[in-house]
Amino acid sequence: MTREIAFSKALREAMAEEMRRDSSVFLMGEDVGVFGGVFGVSAGLYDEFGEERVRDTPISEQAIVGAGLGAALAGMRPIVEIMFGDFVTVAMDQVVNQAAKARYMSGGKAQVPLTIRITNGAPGSAAAQHSQSPEGWFMNVPGLKIAIPATPYDAKGLLKTAIRGEDPVLFFEHKMLYEVKGEVPEDDDYTVPFGQAAIRRKGTDATIVAVGGVLPKAMEAADLLAKSGISVEVVDPRTLVPLDTETLIESVKKTNRAIIIHEAHRRAGPGAEIAAILAEGAIGYLDAPIVRVATKNVPFPYNPELEDFILPGMGDIVEAVEGVVGYTL
Amino acid sequence: MTREIAFSKALREAMAEEMRRDSSVFLMGEDVGVFGGVFGVSAGLYDEFGEERVRDTPISEQAIVGAGLGAALAGMRPIVEIMFGDFVTVAMDQVVNQAAKARYMSGGKAQVPLTIRITNGAPGSAAAQHSQSPEGWFMNVPGLKIAIPATPYDAKGLLKTAIRGEDPVLFFEHKMLYEVKGEVPEDDDYTVPFGQAAIRRKGTDATIVAVGGVLPKAMEAADLLAKSGISVEVVDPRTLVPLDTETLIESVKKTNRAIIIHEAHRRAGPGAEIAAILAEGAIGYLDAPIVRVATKNVPFPYNPELEDFILPGMGDIVEAVEGVVGYTL
Amino acid sequence: MNTPSQPTNQLTTQPTNHPKDHLLTLYCRMVLIREFELRAINERRAGLIPGFIHSCVGQEATAVGACAALNADDAITSTHRGHGHLIAKGGDPKYMMAELAARSTGYCGGKGGSLHMADFDLGILGANGIVAGGIPMATGAALAFQMRGEDRVALAFFGDGAVNEGAFHEAANLAGLWKLPVIFFCENNLYGEGTPQSKQSPVADLAMRAEGYAFPGVIADGNDVLAVYEATQAAVNRARAGNGPTFIEGKTYRFRGHYEGDPMAYRSKEEMEAWRQRDPIPAFRRRLIADAAASEGELRAIEDEVQAALDEAVQFAAGSPAPDPESALEGVYGETHGGSVF
Amino acid sequence: MNTPSQPTNQLTTQPTNHPKDHLLTLYCRMVLIREFELRAINERRAGLIPGFIHSCVGQEATAVGACAALNADDAITSTHRGHGHLIAKGGDPKYMMAELAARSTGYCGGKGGSLHMADFDLGILGANGIVAGGIPMATGAALAFQMRGEDRVALAFFGDGAVNEGAFHEAANLAGLWKLPVIFFCENNLYGEGTPQSKQSPVADLAMRAEGYAFPGVIADGNDVLAVYEATQAAVNRARAGNGPTFIEGKTYRFRGHYEGDPMAYRSKEEMEAWRQRDPIPAFRRRLIADAAASEGELRAIEDEVQAALDEAVQFAAGSPAPDPESALEGVYGETHGGSVF
Ligand SMILES: Cc1ncc(C[n+]2csc(CCOP(=O)(O)OP(=O)(O)O)c2C)c(N)n1
Ligand SMILES: Cc1ncc(C[n+]2csc(CCOP(=O)(O)OP(=O)(O)O)c2C)c(N)n1
Ligand SMILES: [Mg+2]
Ligand SMILES: [Mg+2]
């Protein structure tokens, strides 16, 4: 039994169900309460759980993340929200030096059940400080886990796994996915494990690895390519840390071609790591360059055509796939 | 005419000479003045230039970088120091959202001649918050330039280029290089351009790309390998942004094998991007997996043997090179 | 000084203490800001403007009063709610409207939009998308002025919500310590997005925080342009005399949503109505006439001029070319070097 | 209360107001901290300890006085200069010395070292390598206590330098706003590394900054353990009663370098000598004897016990095994999932 709900509703359900289940779960962030979150993700939670458990905070990202960490160390299971990925920079020390390392530095003793929800992605003409996808940076920070769902099913299931877990999780929500609908089970209590990629479409000619918000575009591109006889396998890693390297490598060993797509900037984005993993683990199987399709290496411009120009588009994906499929070594 | 000086002296000379040359250059940071910098890099500058131009600041990294940026926009050429790379997290918004993007957001009009000197690398038993090498994160942030010298010659020449330039530069100084000596010209006024890799050693069997502080180890490893008949080419990128992709790709096209070494954590460190570039640009030439030798993906432990275990060591490098040289596709 | 709980439409300052020119300029700028915002909102609805707008309707007196105390070569940093600051500092509505419309003729060639407009020639170091993000920058500009011995000051605009960011604190401490010629101008409009100021800080008067940094904090009626001007003038004099920063808190209110489209469920009609009674523009207008500082006809003429200027601005914007998409790749760096940055 | 410019070795508190047990415990803990530090310094020189040490010699009274006002289930966060805080909160010198020696028996199994020692069972949430980094964490622990309705408080130790970090400001504002049961304990030792406090903040009394967050700021003679204890007790009572935070500034001085090896060129022999006259341990000892609160013999016995405990600690550390190098890979995450984290 399934039903169709939007990505943002899936997230809201995950939070609500976990808050009902476990009194140590609470939500904290800027305008998450009365306002319901600037993207409406937490709408209604304030009414159900009250201001104690759905806490509007001052505009103080260091204190938000740091207080979440302290509460986690003291036995709570906080969910904190960073409104735009761009703003996680303000809380960077608390994320990178404190939350990520608390367990290790204490010799494994600290429990850090802290979920940090962060929006990423360009919502359209939001310019340089409201469009970034910083997830790649944190892959370089051991101690963090990183979830980056692309479907309502995963949004709900991965968020539950994050909330129930014992480790700090950065949970990236692409703004343009919030309204996207998809099937989720009626059953309240499913979770999606970390570290298991999903093969969204089977194919034989090339593997597209699509990270987060670009999945719908990747699927469309695959449809289009199918019409011209190119069979694309689309793999969604679902979590970047842990990363299901095995599934990625196996797919590329089969298709012999890899295209990696994400909305983070191209240079040193998550795709760099994925490409490096494939260049180590599947080198003998590659019949073409590993290609990355991602946002060009410039800050996000305000003008929508300029923005489109730098974002990875359907056309870019199709062209990249055709390029590698037509490539001869 | 050359002379041998230490890496830290090379940096000090670059700052002193530029400050003499141009009254808009000044240095600002924690204990850079009276104390001379906690690693002694700015020793003596306070005496020569006075407290106005060698400014001890409060412990306020956001204000240090932000004030540097504001002063740069108002026509100065500030050099600001972040004592440990780990602490740049505190100033992350000012680096990533403000300094990096000021020019672009203003349609190209802002001039941002700001040099941010940051130490990186593990100085030994300094544990999880005083050992990190965060340079890789910033490669994902368009608008920044990143210099990462490995020799006194480059330290001086690249720092001068940074100070004289019009763009924000993150200038990474590995703590274990400070005492390393090397030749620099007598001539005060040489500079080293950004975006030109240096081939530190010619070779035919494999290319080692060595980023920053690991260069001495890479050279030693190459010596050792030479004894067992393996001819290694060692390439030092010198700047990560801009990156001399051409030299890297050409070298690998010649040697057909690539090993990338750095002290940043392995996952999503600078080596990921370099591997991805090679997997795109040299794919048909590769006779072995692209291998990365870097710090293992755990926070830095305090215990020196544990630390050694996670750091990229000579043995690891030699083993990696032997591995790729002995590899058959 | 005012207590926000007791709105009044009586201004307590004396227009007659000020030259007529000055009064008319203040009035003109306030009207220009108000009408610019209303046009921009309309043009956004009409499709000319693609991005979000955080309008400053209701807050014209803080922007105009503060900038009137600055010289052309003084600097400001602004916020997400920055149109008023820019106009008050001399920004040209044509280039502003063109920027909002994402045209190549806009202040940032269409790359910045509402959140990032800047004009370095006018000392406008930029609006900012990061709450409190511009405060350290203003402090640094003030440092440059001080180091070069110039008679210039910098003024940072920010909201009541921004005062709780670490960036504010660090910059204020540095400025107090080094006695930098910077003015911290807080527009306390009682809300940060949908959260009332009382749920963001445990103190209602944010100006009192200045004491912790050893410089004065003053409260001004932010809906009285002359009160703001006088307070800022005193702060500027202090800064120019080498005595360091001042924190000015202008108590004010935004009449519209946090952004255009905000449902505003978080505040009451009564509260909004009470503040509307204190609209800074009609209050100043009434006062100018009552004190015989200006005639109805003079003010009408100004209002007409504003409309004409805005007609021109909208036409200029609408008639300007869009930038070439590939120009997206330009302007990231000031210099090129070898190697690749892409 | 003291003005740092007028050092005095007269304590103004009344030992006779306190039970004897309590007084002897305070004395014992202070001596234990002092001697622990001196041993650690020696053992570092001797090669047992690989890392840096920031000793708190001279600052024993703040650590001991503050923690004496806490219960076992209250929490603290500490700093780079944290050995004293840990011992004062009940930390075992054996496990501390073993941690400094990087042994598997140490508090963090050798992974944390001086900067990161923690014992969650004792409410020690951790030393910290980031200046001000622990302050938000203590605030969050206090939030957890408040939300669960527990009668527990959290206390954050930090230095005079840390007060200028944004993290302090944001946490203080949040705590004041939510009336969290947290105590902000600033050990003002007049320096942050080599820079005097007067060159870091424009105000000498950092406690006054508390006003900006709507909670009390009090100054205590940080070299008088009873003064610190009494101030902290009052703050703890306030917090437990639901009245929110207190900022306590303990004026004190570090006798040794910022780290062992610091050349200390930045301060004068005279200044150091003047403060040595105010050494908190002999001052308290003299007072205990003068007030007949304890006999010379009793104090000697305590001092001997301390030495014995430290002999044992050093032996324990030296005799403990080093962790297996491969254990470096353990303890990064609490749970494993599919996929790779390496
Ligand atoms: C660091 C950061 N956090 C959060 C936001 C989202 N945000 C934009 S404006 C705003 C409210 C700001 O309130 P205030 O400073 O009072 O200014 P006002 O909008 O009232 O003019 C918030 C939370 C942001 N832009 N930057
Ligand atoms: C964010 C950050 N900036 C700088 C440092 C380097 N540092 C370590 S201790 C210290 C001085 C701290 O001074 P204070 O807070 O007064 O503590 P004290 O050392 O006097 O106990 C500095 C600058 C750091 N560890 N973290
Ligand atoms: Mg506001
Ligand atoms: Mg100190």
# chains A, B, ... in the order shown; residues from 1 in each chain; ligands from 1
call {"tool": "closest_atom_pairs", "arguments": {"of": "range 96-184 of chain A", "to": "range 294-310 of chain B", "cutoff": "8 Å", "atoms": "only C-alpha atoms", "output": "tab-separated table"}}
result
residue	atom	partner	partner_atom	distance
A:Lys101	CA	B:Pro299	CA	6.5
A:Tyr104	CA	B:Pro299	CA	6.9
A:Met105	CA	B:Pro301	CA	7.2
A:Asn140	CA	B:Asn297	CA	7.8
A:Val141	CA	B:Asn297	CA	7.7
A:Pro142	CA	B:Val298	CA	5.1
A:Gly143	CA	B:Val298	CA	6.9
call {"tool": "write_last_selection", "arguments": {"atoms": "C-alpha atoms", "output": "PDB file, in the first residue's frame"}}
result
ATOM      1  CA  LYS A 101      34.825  14.961  15.995  1.00  0.00           C
ATOM      2  CA  TYR A 104      36.434  10.302  18.019  1.00  0.00           C
ATOM      3  CA  MET A 105      38.215  12.781  20.265  1.00  0.00           C
ATOM      4  CA  ASN A 140      36.287  15.679   3.442  1.00  0.00           C
ATOM      5  CA  VAL A 141      35.351  15.811   7.140  1.00  0.00           C
ATOM      6  CA  PRO A 142      35.477  12.385   8.751  1.00  0.00           C
ATOM      7  CA  GLY A 143      32.907  11.906  11.495  1.00  0.00           C
TER       8      GLY A 143
END
call {"tool": "residues_near_ligand", "arguments": {"ligand": "ligand 1", "cutoff": "6 Å", "atoms": "only C-alpha atoms and all ligand atoms", "output": "JSON, numbers by chain"}}
result
{"A": [59, 87], "C": [81, 129, 130, 131, 158, 159, 160, 161, 162, 189, 191, 192, 193, 258]}
call {"tool": "interface_residues", "arguments": {"of": "chain B", "to": "chain C", "cutoff": "8 Å", "atoms": "only C-alpha atoms", "output": "JSON, numbers by chain"}}
result
{"B": [52, 57, 58, 60, 62, 63, 66, 67, 68, 69, 70, 71, 72, 73, 74, 75, 76, 93, 94, 97, 98, 101, 103, 104, 105, 106, 107, 108, 109, 110, 111, 142, 143, 165, 166, 167, 193, 194, 195, 196, 241, 242, 243, 244, 245, 246]}
call {"tool": "closest_residue", "arguments": {"among": "C:His54, C:His83, C:Arg29, C:His22", "to": "ligand 3", "atoms": "only C-alpha atoms and all ligand atoms"}}
result
C:His54
call {"tool": "residues_around", "arguments": {"residues": "Gly65 in chain C", "least_positions_apart": "4", "cutoff": "12 Å", "atoms": "only C-alpha atoms", "output": "MDAnalysis selection string"}}
result
chainID C and resid 22:23 25:30 59:61 69:70 84:85 87:89 185 187 220:233 248 250 280 284
call {"tool": "closest_residue", "arguments": {"among": "D:Gly149, D:Gly176, D:Pro245, D:Pro15", "to": "chain C", "atoms": "only C-alpha atoms"}}
result
D:Gly176
call {"tool": "closest_residue", "arguments": {"among": "A:Thr255, A:Ser228, A:Thr89, A:Thr247", "to": "chain B", "atoms": "only C-alpha atoms"}}
result
A:Thr89
call {"tool": "residues_around", "arguments": {"residues": "Met15 in chain A", "least_positions_apart": "5", "cutoff": "9 Å", "atoms": "only C-alpha atoms", "output": "PyMOL selection string"}}
result
chain A and resi 10+20+25-27+42+45+79+156+159-160+163
call {"tool": "residues_around", "arguments": {"residues": "Pro216 in chain D", "least_positions_apart": "6", "cutoff": "7 Å", "atoms": "only C-alpha atoms", "output": "PyMOL selection string"}}
result
chain D and resi 210+246-247
call {"tool": "residues_around", "arguments": {"residues": "Ser55 in chain D", "least_positions_apart": "2", "cutoff": "10 Å", "atoms": "only C-alpha atoms", "output": "PyMOL selection string"}}
result
chain D and resi 33-34+36-38+40-41+52-53+57-59+80-84+114+254-260
call {"tool": "write_last_selection", "arguments": {"atoms": "N, CA, C and O atoms", "output": "JSON list (two decimals), in the first residue's frame"}}
result
[["chain", "number", "residue", "atom", "x", "y", "z"],
["D", 33, "ILE", "N", 45.59, 19.84, 41.51],
["D", 33, "ILE", "CA", 45.72, 20.45, 40.18],
["D", 33, "ILE", "C", 47.13, 20.99, 39.98],
["D", 33, "ILE", "O", 47.80, 20.71, 38.99],
["D", 34, "ARG", "N", 47.57, 21.75, 40.96],
["D", 34, "ARG", "CA", 48.92, 22.35, 40.84],
["D", 34, "ARG", "C", 49.97, 21.28, 40.62],
["D", 34, "ARG", "O", 50.80, 21.36, 39.72],
["D", 36, "PHE", "N", 49.55, 18.19, 39.73],
["D", 36, "PHE", "CA", 49.33, 17.46, 38.48],
["D", 36, "PHE", "C", 50.01, 18.19, 37.33],
["D", 36, "PHE", "O", 50.72, 17.59, 36.51],
["D", 37, "GLU", "N", 49.80, 19.48, 37.28],
["D", 37, "GLU", "CA", 50.40, 20.26, 36.19],
["D", 37, "GLU", "C", 51.92, 20.17, 36.24],
["D", 37, "GLU", "O", 52.56, 19.98, 35.20],
["D", 38, "LEU", "N", 52.47, 20.29, 37.43],
["D", 38, "LEU", "CA", 53.93, 20.28, 37.51],
["D", 38, "LEU", "C", 54.48, 18.91, 37.11],
["D", 38, "LEU", "O", 55.49, 18.81, 36.40],
["D", 40, "ALA", "N", 52.97, 16.85, 35.05],
["D", 40, "ALA", "CA", 52.77, 16.70, 33.61],
["D", 40, "ALA", "C", 53.87, 17.42, 32.85],
["D", 40, "ALA", "O", 54.42, 16.90, 31.87],
["D", 41, "ILE", "N", 54.21, 18.61, 33.34],
["D", 41, "ILE", "CA", 55.28, 19.37, 32.68],
["D", 41, "ILE", "C", 56.58, 18.58, 32.73],
["D", 41, "ILE", "O", 57.31, 18.46, 31.72],
["D", 52, "PHE", "N", 51.45, 19.05, 23.22],
["D", 52, "PHE", "CA", 51.57, 20.34, 23.91],
["D", 52, "PHE", "C", 50.77, 20.34, 25.21],
["D", 52, "PHE", "O", 49.80, 19.62, 25.35],
["D", 53, "ILE", "N", 51.19, 21.19, 26.14],
["D", 53, "ILE", "CA", 50.44, 21.38, 27.38],
["D", 53, "ILE", "C", 50.25, 22.87, 27.61],
["D", 53, "ILE", "O", 51.19, 23.64, 27.52],
["D", 57, "VAL", "N", 48.59, 26.43, 35.94],
["D", 57, "VAL", "CA", 49.25, 26.79, 37.21],
["D", 57, "VAL", "C", 48.96, 28.25, 37.54],
["D", 57, "VAL", "O", 49.20, 29.12, 36.70],
["D", 58, "GLY", "N", 48.45, 28.49, 38.71],
["D", 58, "GLY", "CA", 48.07, 29.84, 39.12],
["D", 58, "GLY", "C", 46.56, 30.05, 39.05],
["D", 58, "GLY", "O", 46.02, 30.96, 39.66],
["D", 59, "GLN", "N", 45.89, 29.19, 38.29],
["D", 59, "GLN", "CA", 44.44, 29.37, 38.09],
["D", 59, "GLN", "C", 43.62, 28.28, 38.79],
["D", 59, "GLN", "O", 42.47, 28.02, 38.41],
["D", 80, "HIS", "N", 41.26, 24.63, 26.14],
["D", 80, "HIS", "CA", 42.63, 24.16, 25.92],
["D", 80, "HIS", "C", 43.41, 24.14, 27.24],
["D", 80, "HIS", "O", 44.42, 23.48, 27.34],
["D", 81, "ARG", "N", 42.96, 24.92, 28.20],
["D", 81, "ARG", "CA", 43.65, 24.97, 29.49],
["D", 81, "ARG", "C", 42.76, 24.26, 30.51],
["D", 81, "ARG", "O", 42.30, 24.84, 31.49],
["D", 82, "GLY", "N", 42.54, 22.97, 30.28],
["D", 82, "GLY", "CA", 41.43, 22.32, 30.94],
["D", 82, "GLY", "C", 41.75, 21.34, 32.06],
["D", 82, "GLY", "O", 40.83, 20.83, 32.70],
["D", 83, "HIS", "N", 43.02, 21.06, 32.31],
["D", 83, "HIS", "CA", 43.30, 20.00, 33.30],
["D", 83, "HIS", "C", 42.67, 20.32, 34.65],
["D", 83, "HIS", "O", 42.13, 19.44, 35.31],
["D", 84, "GLY", "N", 42.75, 21.58, 35.03],
["D", 84, "GLY", "CA", 42.20, 21.97, 36.32],
["D", 84, "GLY", "C", 40.69, 21.76, 36.38],
["D", 84, "GLY", "O", 40.15, 21.26, 37.38],
["D", 114, "SER", "N", 45.55, 16.28, 25.66],
["D", 114, "SER", "CA", 45.22, 17.38, 26.56],
["D", 114, "SER", "C", 44.02, 18.19, 26.09],
["D", 114, "SER", "O", 43.17, 18.59, 26.89],
["D", 254, "ARG", "N", 47.81, 33.41, 34.85],
["D", 254, "ARG", "CA", 48.55, 32.15, 34.69],
["D", 254, "ARG", "C", 50.01, 32.39, 34.98],
["D", 254, "ARG", "O", 50.59, 33.36, 34.49],
["D", 255, "PHE", "N", 50.58, 31.51, 35.77],
["D", 255, "PHE", "CA", 51.96, 31.72, 36.19],
["D", 255, "PHE", "C", 52.96, 31.29, 35.14],
["D", 255, "PHE", "O", 54.07, 31.79, 35.09],
["D", 256, "ARG", "N", 52.56, 30.34, 34.31],
["D", 256, "ARG", "CA", 53.50, 29.84, 33.31],
["D", 256, "ARG", "C", 53.14, 30.38, 31.93],
["D", 256, "ARG", "O", 52.25, 31.22, 31.79],
["D", 257, "GLY", "N", 53.83, 29.90, 30.93],
["D", 257, "GLY", "CA", 53.58, 30.38, 29.57],
["D", 257, "GLY", "C", 52.22, 29.94, 29.07],
["D", 257, "GLY", "O", 51.55, 29.09, 29.68],
["D", 258, "HIS", "N", 51.83, 30.51, 27.93],
["D", 258, "HIS", "CA", 50.58, 30.08, 27.29],
["D", 258, "HIS", "C", 50.64, 28.57, 27.07],
["D", 258, "HIS", "O", 49.69, 27.85, 27.34],
["D", 259, "TYR", "N", 51.76, 28.11, 26.57],
["D", 259, "TYR", "CA", 52.03, 26.67, 26.47],
["D", 259, "TYR", "C", 53.41, 26.46, 27.05],
["D", 259, "TYR", "O", 54.19, 27.42, 27.19],
["D", 260, "GLU", "N", 53.73, 25.24, 27.36],
["D", 260, "GLU", "CA", 55.08, 24.98, 27.87],
["D", 260, "GLU", "C", 56.07, 25.22, 26.73],
["D", 260, "GLU", "O", 55.98, 24.58, 25.68]]
call {"tool": "residues_around", "arguments": {"residues": "Leu32 in chain D", "least_positions_apart": "6", "cutoff": "9 Å", "atoms": "only C-alpha atoms", "output": "list in words"}}
result
Gly84, Ile87, Pro93, Glu303, Val306, Gln307, Ala309 and Leu310 of chain D
call {"tool": "closest_residue", "arguments": {"among": "D:Tyr253, D:Arg209, D:Ala234, D:Gly244", "to": "ligand 2", "atoms": "only C-alpha atoms and all ligand atoms"}}
result
D:Tyr253
call {"tool": "select_by_dssp", "arguments": {"residues": "range 245-321 of chain B", "states": "strand (DSSP E or B)", "output": "PyMOL selection string"}}
result
chain B and resi 258-265+291-295
call {"tool": "closest_residue", "arguments": {"among": "B:Val234, B:Val325, B:Ile82, B:Val291", "to": "chain A", "atoms": "only C-alpha atoms"}}
result
B:Val291
